[in-house]
$ cat my_file-v9.cif   # mmCIF, C-alpha atoms
data_my_file
#
loop_
_atom_site.label_atom_id
_atom_site.label_comp_id
_atom_site.auth_asym_id
_atom_site.auth_seq_id
_atom_site.Cartn_x
_atom_site.Cartn_y
_atom_site.Cartn_z
CA MET A 37 -2.21 197.94 57.65
CA THR A 38 -2.89 194.36 56.54
CA ALA A 39 -6.21 192.93 57.57
CA ALA A 40 -6.13 189.98 59.95
CA LEU A 41 -8.98 188.35 58.08
CA GLN A 42 -10.88 189.16 54.92
CA ALA A 43 -13.66 187.09 53.42
CA GLN A 44 -15.61 187.76 50.26
CA ASP A 45 -18.81 185.79 49.65
CA LEU A 46 -17.14 182.90 51.41
CA ALA A 47 -19.19 179.69 51.45
CA LYS A 48 -18.75 176.05 52.39
CA LYS A 49 -21.08 173.22 51.55
CA TYR A 50 -21.03 169.71 53.04
CA GLY A 51 -22.96 167.48 50.69
CA ARG A 52 -26.21 169.36 50.12
CA ARG A 53 -26.05 171.40 53.28
CA TRP A 54 -24.53 174.88 53.46
CA ALA A 55 -22.37 175.13 56.58
CA LEU A 56 -21.51 178.75 55.76
CA ARG A 57 -22.72 181.12 53.06
CA ASP A 58 -22.58 184.77 51.95
CA CYS A 59 -19.82 185.42 54.45
CA THR A 60 -18.16 188.79 53.86
CA LEU A 61 -15.88 190.12 56.59
CA ASP A 62 -13.04 192.59 56.95
CA ILE A 63 -11.24 192.48 60.29
CA PRO A 64 -8.24 194.72 60.93
CA ALA A 65 -5.11 193.32 62.58
CA GLY A 66 -4.56 193.70 66.31
CA ARG A 67 -8.15 192.96 67.29
CA VAL A 68 -9.61 190.35 69.56
CA VAL A 69 -12.58 189.03 67.65
CA GLY A 70 -15.38 187.09 69.28
CA LEU A 71 -17.31 184.71 67.07
CA VAL A 72 -20.58 183.82 68.70
CA GLY A 73 -23.55 181.74 67.68
CA PRO A 74 -25.46 178.61 68.62
CA ASN A 75 -23.96 175.16 68.16
CA GLY A 76 -24.07 174.14 64.53
CA ALA A 77 -24.24 177.72 63.24
CA GLY A 78 -21.02 177.41 61.25
CA LYS A 79 -18.47 178.79 63.71
CA SER A 80 -16.04 175.89 63.45
CA THR A 81 -16.39 175.88 59.67
CA LEU A 82 -15.43 179.55 59.48
CA LEU A 83 -12.46 179.01 61.82
CA LYS A 84 -11.26 176.02 59.79
CA LEU A 85 -11.55 178.01 56.57
CA ALA A 86 -9.57 180.82 58.20
CA SER A 87 -6.83 178.47 59.36
CA GLY A 88 -6.45 176.69 56.02
CA GLN A 89 -7.84 173.36 57.23
CA LEU A 90 -10.79 173.55 54.84
CA ALA A 91 -11.03 174.84 51.30
CA PRO A 92 -14.00 177.08 50.44
CA THR A 93 -16.76 175.80 48.14
CA SER A 94 -16.98 179.32 46.72
CA GLY A 95 -15.77 182.81 47.54
CA THR A 96 -12.39 183.77 48.97
CA VAL A 97 -10.73 184.12 52.34
CA THR A 98 -7.38 185.77 53.03
CA VAL A 99 -5.58 185.85 56.35
CA LEU A 100 -2.78 188.35 57.07
CA GLY A 101 -2.82 189.27 53.39
CA GLY A 102 -2.56 185.78 51.87
CA PRO A 103 -4.46 182.53 51.41
CA PRO A 104 -4.43 180.64 54.73
CA ALA A 105 -3.57 177.25 53.22
CA ASP A 106 -0.30 178.62 51.82
CA PRO A 107 2.64 176.96 53.68
CA ALA A 108 4.26 180.37 54.29
CA GLN A 109 1.03 181.60 55.88
CA LEU A 110 0.53 178.54 58.06
CA SER A 111 3.47 179.37 60.30
CA ARG A 112 1.89 182.79 60.98
CA ILE A 113 -1.43 181.32 62.09
CA GLY A 114 -1.92 179.52 65.40
CA PHE A 115 -4.89 177.24 65.93
CA VAL A 116 -6.20 175.85 69.20
CA ALA A 117 -8.87 173.30 68.36
CA GLN A 118 -12.16 172.72 70.15
CA ASP A 119 -11.79 171.67 73.79
CA THR A 120 -8.00 172.31 73.63
CA PRO A 121 -6.83 168.77 72.81
CA THR A 122 -3.43 167.49 73.97
CA TYR A 123 -1.74 164.07 73.73
CA ALA A 124 -2.78 162.24 76.90
CA GLY A 125 0.24 159.89 76.87
CA LEU A 126 2.86 162.62 76.42
CA THR A 127 4.31 164.71 79.21
CA VAL A 128 4.22 168.49 79.36
CA ALA A 129 7.91 168.55 78.38
CA ASP A 130 7.20 166.21 75.43
CA HIS A 131 4.59 168.65 74.18
CA LEU A 132 7.11 171.48 74.25
CA ARG A 133 9.71 169.37 72.43
CA LEU A 134 7.14 168.46 69.81
CA GLY A 135 6.22 172.12 69.40
CA ALA A 136 9.88 173.05 68.92
CA ARG A 137 10.33 170.37 66.22
CA LEU A 138 7.20 171.26 64.29
CA ASN A 139 7.28 175.04 64.32
CA PRO A 140 9.96 177.14 62.60
CA ARG A 141 9.30 180.21 64.76
CA TRP A 142 9.04 178.34 68.08
CA ASP A 143 9.79 180.50 71.14
CA SER A 144 11.06 178.02 73.71
CA ALA A 145 11.80 180.70 76.31
CA LEU A 146 8.19 181.83 76.18
CA ALA A 147 6.94 178.25 76.46
CA ARG A 148 9.16 177.41 79.47
CA GLU A 149 8.35 180.68 81.21
CA ARG A 150 4.60 180.11 80.84
CA ILE A 151 4.79 176.50 82.06
CA ASP A 152 6.84 177.72 85.04
CA ARG A 153 4.45 180.49 85.90
CA LEU A 154 1.48 178.13 85.68
CA GLY A 155 3.25 175.72 88.03
CA LEU A 156 2.88 172.77 85.64
CA ASP A 157 5.20 169.83 86.30
CA PRO A 158 7.12 169.21 83.02
CA GLY A 159 7.26 165.47 83.77
CA ARG A 160 3.53 165.08 84.16
CA LYS A 161 1.51 163.34 81.46
CA ALA A 162 -1.10 165.56 79.81
CA GLY A 163 -3.76 162.94 80.52
CA ARG A 164 -3.26 163.52 84.25
CA LEU A 165 -3.66 167.30 84.10
CA SER A 166 -6.89 169.01 85.11
CA GLY A 167 -9.07 170.45 82.35
CA GLY A 168 -7.86 173.95 83.13
CA GLU A 169 -4.20 172.87 83.05
CA ARG A 170 -4.66 171.05 79.75
CA ALA A 171 -6.26 174.16 78.27
CA GLN A 172 -3.34 176.26 79.50
CA LEU A 173 -0.89 173.76 77.97
CA ALA A 174 -2.70 173.97 74.62
CA LEU A 175 -2.66 177.78 74.85
CA THR A 176 1.07 177.71 75.63
CA LEU A 177 1.69 175.64 72.48
CA GLY A 178 -0.43 178.04 70.45
CA LEU A 179 1.41 181.10 71.79
CA ALA A 180 4.97 179.69 71.62
CA LYS A 181 4.46 179.17 67.91
CA ARG A 182 4.54 183.00 67.86
CA PRO A 183 1.65 183.39 65.44
CA GLU A 184 0.44 186.75 64.20
CA LEU A 185 -3.12 185.45 64.29
CA LEU A 186 -4.26 183.00 66.94
CA ILE A 187 -7.51 181.16 66.27
CA LEU A 188 -9.26 179.36 69.13
CA ASP A 189 -12.36 177.23 68.73
CA GLU A 190 -14.48 177.20 71.91
CA PRO A 191 -11.37 177.13 74.09
CA VAL A 192 -13.11 177.54 77.44
CA ALA A 193 -16.44 175.79 76.88
CA ALA A 194 -15.55 172.82 79.06
CA LEU A 195 -13.81 174.75 81.88
CA ASP A 196 -15.11 175.81 85.27
CA PRO A 197 -15.47 179.57 85.84
CA LEU A 198 -12.14 179.99 87.62
CA ALA A 199 -10.14 178.05 85.02
CA ARG A 200 -12.00 179.96 82.33
CA ARG A 201 -11.01 183.28 83.85
CA ASP A 202 -7.39 182.16 84.19
CA PHE A 203 -7.31 181.01 80.58
CA LEU A 204 -8.76 184.26 79.24
CA ARG A 205 -6.39 186.26 81.44
CA GLY A 206 -3.42 184.36 79.98
CA LEU A 207 -4.73 184.96 76.49
CA MET A 208 -5.24 188.68 77.11
CA GLU A 209 -1.79 189.11 78.67
CA ALA A 210 -0.24 187.47 75.62
CA THR A 211 -2.29 189.73 73.37
CA ALA A 212 -0.94 192.78 75.19
CA GLU A 213 2.62 191.51 75.06
CA HIS A 214 2.93 190.20 71.51
CA GLU A 215 0.42 192.40 69.66
CA LEU A 216 -1.28 189.42 68.13
CA SER A 217 -4.68 189.25 66.52
CA VAL A 218 -7.07 186.80 68.10
CA LEU A 219 -10.17 185.13 66.72
CA LEU A 220 -12.05 183.02 69.24
CA SER A 221 -15.44 181.38 69.17
CA SER A 222 -17.80 180.77 72.02
CA HIS A 223 -21.46 180.12 72.52
CA LEU A 224 -21.26 181.98 75.84
CA VAL A 225 -21.40 185.73 75.45
CA SER A 226 -20.12 186.32 78.98
CA ASP A 227 -16.72 184.93 77.93
CA LEU A 228 -16.52 187.50 75.16
CA GLU A 229 -17.86 190.55 76.97
CA ARG A 230 -14.56 191.56 78.55
CA THR A 231 -12.16 190.07 76.08
CA CYS A 232 -13.36 191.05 72.62
CA ASP A 233 -13.33 194.38 70.86
CA HIS A 234 -14.84 192.96 67.70
CA LEU A 235 -17.91 190.79 67.39
CA ILE A 236 -19.28 188.44 64.75
CA VAL A 237 -22.70 186.89 65.27
CA LEU A 238 -23.23 183.78 63.19
CA THR A 239 -26.51 181.87 63.10
CA ASP A 240 -27.87 179.36 60.69
CA SER A 241 -24.71 179.51 58.52
CA ARG A 242 -24.87 183.28 57.93
CA VAL A 243 -23.19 186.31 59.47
CA ARG A 244 -25.93 188.38 61.11
CA LEU A 245 -23.81 191.11 62.63
CA ALA A 246 -20.15 192.07 62.53
CA GLY A 247 -18.33 195.11 63.82
CA GLU A 248 -16.51 196.86 66.58
CA VAL A 249 -18.15 196.16 69.93
CA ASP A 250 -18.17 199.72 71.27
CA GLU A 251 -19.66 201.01 68.07
CA LEU A 252 -22.30 198.29 67.97
CA LEU A 253 -23.28 199.01 71.57
CA ALA A 254 -23.40 202.77 70.94
CA THR A 255 -25.66 202.45 67.91
CA HIS A 256 -28.20 199.96 69.26
CA HIS A 257 -30.93 201.02 71.67
CA ARG A 258 -33.88 199.45 73.41
CA LEU A 259 -36.97 201.63 73.03
CA THR A 260 -39.97 201.09 75.26
CA GLY A 261 -43.18 203.08 74.93
CA PRO A 262 -46.82 203.15 73.91
CA ARG A 263 -47.63 200.65 71.19
CA ARG A 264 -46.83 201.74 67.66
CA ASP A 265 -46.07 200.44 64.22
CA PRO A 266 -42.29 199.96 63.80
CA GLY A 267 -42.74 200.90 60.12
CA ARG A 268 -43.39 204.48 61.19
CA LEU A 269 -40.05 205.17 62.83
CA PRO A 270 -37.62 207.73 61.38
CA ALA A 271 -35.85 206.41 58.30
CA ASP A 272 -32.45 206.17 60.00
CA GLN A 273 -33.76 203.79 62.70
CA HIS A 274 -33.45 200.20 61.60
CA VAL A 275 -35.58 197.80 63.64
CA VAL A 276 -33.71 194.69 64.77
CA SER A 277 -36.51 193.25 66.86
CA ALA A 278 -39.98 194.28 67.90
CA ARG A 279 -42.33 192.95 70.54
CA HIS A 280 -45.78 194.27 71.24
CA THR A 281 -48.46 193.91 73.84
CA ASP A 282 -51.86 195.54 73.39
CA ARG A 283 -50.51 198.79 74.74
CA GLN A 284 -46.75 198.68 74.72
CA SER A 285 -44.01 198.25 72.15
CA THR A 286 -40.45 197.21 72.92
CA LEU A 287 -38.07 197.68 70.02
CA ILE A 288 -34.40 197.16 69.50
CA VAL A 289 -33.23 199.61 66.86
CA ARG A 290 -29.95 200.40 65.22
CA THR A 291 -29.27 204.04 64.42
CA GLY A 292 -26.34 206.40 64.18
CA GLY A 293 -28.40 209.37 65.37
CA PRO A 294 -29.97 210.27 68.71
CA ILE A 295 -33.48 209.09 69.69
CA LEU A 296 -35.43 212.33 69.95
CA ASP A 297 -38.99 211.08 70.38
CA PRO A 298 -39.88 211.74 74.05
CA ALA A 299 -42.50 208.96 74.04
CA TRP A 300 -39.73 206.36 74.13
CA SER A 301 -37.80 205.30 77.19
CA VAL A 302 -34.36 204.62 75.83
CA GLY A 303 -32.27 201.83 77.34
CA ARG A 304 -28.78 200.57 76.73
CA LEU A 305 -28.04 197.05 75.59
CA THR A 306 -25.42 194.72 76.96
CA MET A 307 -23.44 192.58 74.54
CA GLU A 308 -25.66 189.68 75.52
CA ASP A 309 -28.85 191.63 74.68
CA LEU A 310 -27.35 192.55 71.34
CA VAL A 311 -26.34 189.01 70.45
CA LEU A 312 -29.71 187.60 71.51
CA ALA A 313 -31.59 190.21 69.47
CA TYR A 314 -29.78 189.16 66.31
CA MET A 315 -30.09 185.47 67.11
CA GLU A 316 -33.83 185.78 67.65
CA GLN A 317 -34.16 187.69 64.43
CA ALA A 318 -32.60 184.77 62.59
CA ALA A 319 -34.70 182.13 64.34
CA PRO A 320 -37.82 181.06 62.45
CA ALA A 321 -40.97 182.85 63.55
CA PRO A 322 -43.02 180.73 65.98
CA ALA A 323 -45.26 178.55 63.81
CA PRO A 324 -47.18 180.84 61.48
CA VAL A 325 -50.12 178.87 60.14
CA PRO A 326 -49.93 178.97 56.34
CA ALA A 327 -53.37 179.79 55.00
CA ALA A 328 -53.50 178.39 51.49
CA ARG A 329 -50.41 176.28 51.23
CA PRO A 330 -50.33 172.52 50.69
CA ALA A 331 -49.35 170.60 53.80
CA LEU A 332 -46.47 168.92 52.00
CA ALA A 333 -44.61 172.21 51.61
CA VAL A 334 -42.88 171.56 54.90
CA LEU A 335 -41.04 168.66 53.32
CA ARG A 336 -39.22 170.73 50.70
CA MET B 90 8.01 200.47 90.28
CA GLU B 91 5.75 202.19 92.79
CA LYS B 92 2.29 200.77 93.25
CA SER B 93 -0.51 202.43 91.37
CA VAL B 94 -3.06 204.23 93.50
CA ILE B 95 -6.29 202.78 92.16
CA GLU B 96 -7.58 199.42 91.08
CA PHE B 97 -10.27 199.06 88.46
CA HIS B 98 -13.33 196.86 88.62
CA LEU B 99 -15.95 196.01 86.03
CA ASP B 100 -19.68 195.73 86.42
CA SER B 101 -20.90 193.47 83.63
CA GLY B 102 -24.58 194.15 84.24
CA SER B 103 -24.38 197.92 84.04
CA GLY B 104 -24.83 198.23 80.29
CA VAL B 105 -21.90 200.65 80.23
CA SER B 106 -19.10 199.46 77.96
CA PRO B 107 -15.92 198.32 79.74
CA TYR B 108 -13.81 201.14 78.32
CA GLN B 109 -16.38 203.72 79.47
CA GLN B 110 -16.38 202.15 82.92
CA LEU B 111 -12.59 202.58 83.16
CA VAL B 112 -12.83 206.21 82.02
CA ARG B 113 -15.56 206.91 84.57
CA GLN B 114 -13.65 205.27 87.39
CA VAL B 115 -10.63 207.46 86.74
CA ARG B 116 -12.75 210.62 86.57
CA HIS B 117 -14.64 209.55 89.67
CA ALA B 118 -11.42 208.89 91.61
CA MET B 119 -10.13 212.29 90.49
CA ARG B 120 -13.29 214.03 91.63
CA LEU B 121 -13.09 212.35 95.01
CA GLY B 122 -9.45 213.35 95.30
CA LEU B 123 -8.32 209.69 95.36
CA LEU B 124 -6.25 210.36 92.26
CA ARG B 125 -4.13 213.48 92.26
CA GLU B 126 -1.84 215.17 89.83
CA GLY B 127 1.33 213.11 89.40
CA ASP B 128 -0.26 209.77 90.34
CA ARG B 129 0.46 206.86 88.04
CA LEU B 130 -2.41 204.86 86.57
CA PRO B 131 -2.03 201.06 86.46
CA THR B 132 -0.17 199.92 83.34
CA VAL B 133 -2.14 198.27 80.56
CA LYS B 134 -0.58 194.92 81.48
CA GLU B 135 -1.54 195.34 85.13
CA VAL B 136 -5.15 196.05 84.25
CA VAL B 137 -5.27 193.16 81.77
CA ALA B 138 -3.82 190.77 84.34
CA GLN B 139 -6.17 191.94 87.04
CA LEU B 140 -9.43 192.02 85.12
CA ALA B 141 -8.73 189.54 82.29
CA ILE B 142 -9.87 192.14 79.78
CA ASN B 143 -8.82 193.09 76.30
CA PRO B 144 -5.73 195.35 76.26
CA ASN B 145 -7.32 197.46 73.51
CA THR B 146 -10.09 198.36 75.95
CA VAL B 147 -7.58 199.76 78.42
CA LEU B 148 -5.67 201.58 75.67
CA LYS B 149 -8.89 203.10 74.39
CA ALA B 150 -9.85 204.32 77.87
CA TYR B 151 -6.41 205.85 78.44
CA ARG B 152 -6.48 207.51 75.02
CA GLU B 153 -9.81 209.10 75.84
CA LEU B 154 -8.50 210.36 79.18
CA GLU B 155 -5.45 211.75 77.37
CA HIS B 156 -7.71 213.42 74.85
CA GLU B 157 -9.57 215.06 77.74
CA LYS B 158 -6.18 216.23 79.01
CA LEU B 159 -6.68 214.46 82.34
CA VAL B 160 -3.69 212.15 81.97
CA ALA B 161 -0.52 211.98 79.90
CA ALA B 162 1.50 208.98 78.80
CA ARG B 163 5.25 209.03 79.37
CA PRO B 164 6.66 206.36 77.06
CA GLY B 165 8.35 203.58 78.97
CA VAL B 166 7.31 204.98 82.33
CA GLY B 167 3.53 204.93 82.49
CA THR B 168 0.42 207.04 82.33
CA PHE B 169 0.17 209.88 84.83
CA VAL B 170 -2.60 212.13 86.07
CA THR B 171 -1.98 215.68 84.88
CA ALA B 172 -5.05 217.54 86.07
CA THR B 173 -7.28 218.09 89.04
CA LEU B 174 -11.03 217.65 88.90
CA THR B 175 -11.90 218.39 92.49
CA ASP B 176 -11.64 222.16 92.77
CA ALA B 177 -14.07 223.74 90.31
CA THR B 178 -17.45 222.31 91.23
CA LEU B 179 -16.87 221.06 94.77
CA ALA B 180 -17.96 224.32 96.38
CA ALA B 181 -21.31 224.12 94.63
CA HIS B 182 -22.04 220.57 95.80
CA GLY B 183 -23.15 221.47 99.34
CA PRO B 184 -25.91 223.93 98.43
CA LEU B 185 -27.08 221.72 95.52
CA ARG B 186 -27.28 218.69 97.83
CA GLU B 187 -29.30 220.76 100.30
CA GLU B 188 -31.79 221.79 97.57
CA LEU B 189 -32.04 218.22 96.37
CA ARG B 190 -32.76 216.99 99.92
CA HIS B 191 -35.45 219.63 100.19
CA TRP B 192 -36.94 218.55 96.85
CA LEU B 193 -36.86 214.88 97.85
CA ALA B 194 -38.68 215.63 101.10
CA LYS B 195 -41.30 217.51 99.10
CA ALA B 196 -41.71 214.61 96.69
CA ARG B 197 -42.22 212.17 99.57
CA ARG B 198 -44.77 214.45 101.20
CA ALA B 199 -46.62 214.49 97.88
CA GLY B 200 -46.84 210.69 98.14
CA LEU B 201 -44.16 209.57 95.66
CA ASP B 202 -42.34 206.38 96.57
CA GLU B 203 -38.70 205.71 95.68
CA GLU B 204 -39.44 204.23 92.29
CA SER B 205 -41.71 207.10 91.28
CA ILE B 206 -39.06 209.59 92.37
CA GLU B 207 -36.40 207.81 90.38
CA ALA B 208 -38.62 207.55 87.28
CA LEU B 209 -39.54 211.24 87.51
CA PHE B 210 -35.92 212.22 87.93
CA MET B 211 -34.68 210.04 85.08
CA THR B 212 -37.30 211.16 82.54
CA THR B 213 -36.75 214.83 83.39
CA PHE B 214 -32.99 214.38 83.34
CA ARG B 215 -33.10 212.70 79.95
CA ASN B 216 -35.52 215.19 78.45
CA THR B 217 -33.46 218.20 79.50
CA ALA B 218 -30.30 216.45 78.30
CA GLN B 219 -31.96 215.94 74.92
CA GLU B 220 -33.13 219.55 74.79
CA ASP B 221 -29.53 220.55 75.31
CA VAL B 222 -28.49 218.35 72.41
CA ALA B 223 -31.25 219.49 70.03
#
$ encode --input "my_file-v9.cif" --output "structure tokens"
Amino acid sequence: MTAALQAQDLAKKYGRRWALRDCTLDIPAGRVVGLVGPNGAGKSTLLKLASGQLAPTSGTVTVLGGPPADPAQLSRIGFVAQDTPTYAGLTVADHLRLGARLNPRWDSALARERIDRLGLDPGRKAGRLSGGERAQLALTLGLAKRPELLILDEPVAALDPLARRDFLRGLMEATAEHELSVLLSSHLVSDLERTCDHLIVLTDSRVRLAGEVDELLATHHRLTGPRRDPGRLPADQHVVSARHTDRQSTLIVRTGGPILDPAWSVGRLTMEDLVLAYMEQAAPAPAPVPAARPALAVLR
Amino acid sequence: MEKSVIEFHLDSGSGVSPYQQLVRQVRHAMRLGLLREGDRLPTVKEVVAQLAINPNTVLKAYRELEHEKLVAARPGVGTFVTATLTDATLAAHGPLREELRHWLAKARRAGLDEESIEALFMTTFRNTAQEDVA
């Protein structure tokens, strides 16, 4: 089976700043992939590289088996940009006509049926739609293109909870119906918890974690117990984060095996716990005072 | 198409993965006799529309239930319950519940509050479960 997305040492530099680096990913087709990370972490850069809107500085990216900027590939990739933009002065029907003109594989029956079901008035200007309706219109355009991979950049960030749920429901129904692969970014884990079966955590321009959600959740554990040195855990337990008080240690570890030590209370992690653990790991340690380092070092 | 007998729900704070929650809800409904042999489970599309969840999650849950031989998929028709979970252990529940009540009363008399009882139960439960694994 062709991978939906493959990246090998993919990197993008703007001026002197790396927006993305050392990015190696292999995502099978048919998945719903959640890309999560703080603002400015490189999410949009990765999505633009994957949709052929940006060229890599180094490394390679292939989508559905080919380079994304290839014209033949472009018709197979759908892209819904940040905050689901539409043309304010054009009506709903204008948007559909535009979609039909611009896309060789346009499915006008699907577009009309979705607009009908949503109860959108075809004569209404997009600028007069609510945020949720505009997002649904943008999703309709993305779906009627009949892509094999649909990429969405923060599609629900600006929506209220109800509109957000409706949008994600529409997206999931389409995924079930058309067997498409989906790659969507969000800085809210709760949006991804139900919808994604694959997770990529991106912070500070690097991929910190990538994999199948169920497997990630099954192999990460929260251990709480009497204080101890994380360096003395069994070799197959990789410490993701460690906090200590005088008496107690709380660790998040990744391991394929069972936790046998009875001194630990073992807890499950939610997707949010998991994401936060990897984000914290990437964040700079809280102000360590450098002992014998010149003060100017901070300016490097 | 006839209406399916159960509706799923998801508890996002439980720490149990969504697909596991679906599997458990089916097993639970079977144990309670809410789902019986021949009943149809909601279709993948129905569950997706109702919960706004990933269709792969539903498929994975149904595959696991199939693997456990609790349900079977009939292509184009739906997924149907093919087993009964109520009979085997139900008879034992009454006496076990009685013993547990007795034990709980004893624990309270010894001065344990609800949290202590729960902690004692959970650590013992986990330790014996691990001994079984090891």
$ closest_residue --input "my_file-v9.cif" --among "A:Ser285, A:Tyr123, A:Val68, A:Ile113" --to "Glu215 (chain A)" --atoms "only C-alpha atoms"
A:Val68
$ closest_residue --input "my_file-v9.cif" --among "B:Thr146, B:Thr178, B:Thr168, B:Gln139" --to "Gln109 (chain B)" --atoms "only C-alpha atoms"
B:Thr146
$ interface_residues --input "my_file-v9.cif" --of "chain B" --to "chain A" --cutoff "12 Å" --atoms "all atoms listed in the file" --output "PyMOL selection string"
chain B and resi 98-110+132-150+208+211-223
$ resolve_selection --input "my_file-v9.cif" --expression "the PyMOL selection byres ((chain A and resi 84) around 12)" --output "PDB file with C-alpha atoms, keeping the file's coordinate frame"
ATOM      1  CA  LYS A  48     -18.750 176.050  52.390  1.00  0.00           C
ATOM      2  CA  ALA A  55     -22.370 175.130  56.580  1.00  0.00           C
ATOM      3  CA  LEU A  56     -21.510 178.750  55.760  1.00  0.00           C
ATOM      4  CA  GLY A  78     -21.020 177.410  61.250  1.00  0.00           C
ATOM      5  CA  LYS A  79     -18.470 178.790  63.710  1.00  0.00           C
ATOM      6  CA  SER A  80     -16.040 175.890  63.450  1.00  0.00           C
ATOM      7  CA  THR A  81     -16.390 175.880  59.670  1.00  0.00           C
ATOM      8  CA  LEU A  82     -15.430 179.550  59.480  1.00  0.00           C
ATOM      9  CA  LEU A  83     -12.460 179.010  61.820  1.00  0.00           C
ATOM     10  CA  LEU A  85     -11.550 178.010  56.570  1.00  0.00           C
ATOM     11  CA  ALA A  86      -9.570 180.820  58.200  1.00  0.00           C
ATOM     12  CA  SER A  87      -6.830 178.470  59.360  1.00  0.00           C
ATOM     13  CA  GLY A  88      -6.450 176.690  56.020  1.00  0.00           C
ATOM     14  CA  GLN A  89      -7.840 173.360  57.230  1.00  0.00           C
ATOM     15  CA  LEU A  90     -10.790 173.550  54.840  1.00  0.00           C
ATOM     16  CA  ALA A  91     -11.030 174.840  51.300  1.00  0.00           C
ATOM     17  CA  PRO A  92     -14.000 177.080  50.440  1.00  0.00           C
ATOM     18  CA  VAL A  97     -10.730 184.120  52.340  1.00  0.00           C
ATOM     19  CA  VAL A  99      -5.580 185.850  56.350  1.00  0.00           C
ATOM     20  CA  PRO A 104      -4.430 180.640  54.730  1.00  0.00           C
ATOM     21  CA  ALA A 105      -3.570 177.250  53.220  1.00  0.00           C
ATOM     22  CA  ILE A 113      -1.430 181.320  62.090  1.00  0.00           C
ATOM     23  CA  GLY A 114      -1.920 179.520  65.400  1.00  0.00           C
ATOM     24  CA  PHE A 115      -4.890 177.240  65.930  1.00  0.00           C
ATOM     25  CA  VAL A 116      -6.200 175.850  69.200  1.00  0.00           C
ATOM     26  CA  ALA A 117      -8.870 173.300  68.360  1.00  0.00           C
ATOM     27  CA  GLN A 118     -12.160 172.720  70.150  1.00  0.00           C
ATOM     28  CA  ILE A 187      -7.510 181.160  66.270  1.00  0.00           C
ATOM     29  CA  LEU A 188      -9.260 179.360  69.130  1.00  0.00           C
ATOM     30  CA  ASP A 189     -12.360 177.230  68.730  1.00  0.00           C
ATOM     31  CA  LEU A 219     -10.170 185.130  66.720  1.00  0.00           C
ATOM     32  CA  LEU A 220     -12.050 183.020  69.240  1.00  0.00           C
ATOM     33  CA  SER A 221     -15.440 181.380  69.170  1.00  0.00           C
TER      34      SER A 221
END
$ residues_around --input "my_file-v9.cif" --residues "Leu146 (chain A)" --least-positions-apart "4" --cutoff "9 Å" --atoms "only C-alpha atoms" --output "list in words"
Trp142, Arg150, Ile151, Thr176, Leu179 and Ala180 of chain A
$ resolve_selection --input "my_file-v9.cif" --expression "the PyMOL selection byres ((chain A and resi 195) around 10)" --output "ChimeraX atom specification"
/A:119,166-169,171,191-194,196-201,203
$ atom_distance --input "my_file-v9.cif" --atom1 "CA of Gly159 (chain A)" --atom2 "CA of Thr127 (chain A)"
5.5 Å
$ resolve_selection --input "my_file-v9.cif" --expression "the PyMOL selection byres ((chain B and resi 172) around 6)" --output "compact mmCIF listing (two decimals) with C-alpha atoms, in the frame of the given file"
# COMPACT_ATOMS: atom_id res chain seq x y z
CA GLU B 126 -1.84 215.17 89.83
CA LEU B 159 -6.68 214.46 82.34
CA VAL B 170 -2.60 212.13 86.07
CA THR B 171 -1.98 215.68 84.88
CA THR B 173 -7.28 218.09 89.04
$ closest_residue --input "my_file-v9.cif" --among "A:Thr122, A:Gln109, A:Gln317, A:Thr60" --to "Ser94 (chain A)" --atoms "all atoms listed in the file"
A:Thr60
$ axis_aligned_box --input "my_file-v9.cif" --around "region 61-69 of chain A" --padding-each-side "3 Å" --output "lines of an AutoDock Vina configuration file"
center_x = -10.2
center_y = 191.9
center_z = 63.1
size_x = 17.3
size_y = 11.7
size_z = 19.0
$ closest_residue --input "my_file-v9.cif" --among "A:Pro107, A:Pro266, A:Gly163, A:Gly261" --to "Gly125 (chain A)" --atoms "all atoms listed in the file"
A:Gly163
$ atom_distance --input "my_file-v9.cif" --atom1 "CA of Ser205 (chain B)" --atom2 "CA of Leu287 (chain A)"
23.5 Å
$ atom_distance --input "my_file-v9.cif" --atom1 "CA of Val72 (chain A)" --atom2 "CA of Pro183 (chain A)"
22.5 Å
$ residues_around --input "my_file-v9.cif" --residues "Asp128 (chain B)" --least-positions-apart "4" --cutoff "8 Å" --atoms "only C-alpha atoms" --output "ChimeraX atom specification"
/B:93-94,124,169-170
$ closest_residue --input "my_file-v9.cif" --among "B:Pro131, B:Leu174, B:Phe210, B:Leu201" --to "Leu189 (chain B)" --atoms "all atoms listed in the file"
B:Phe210
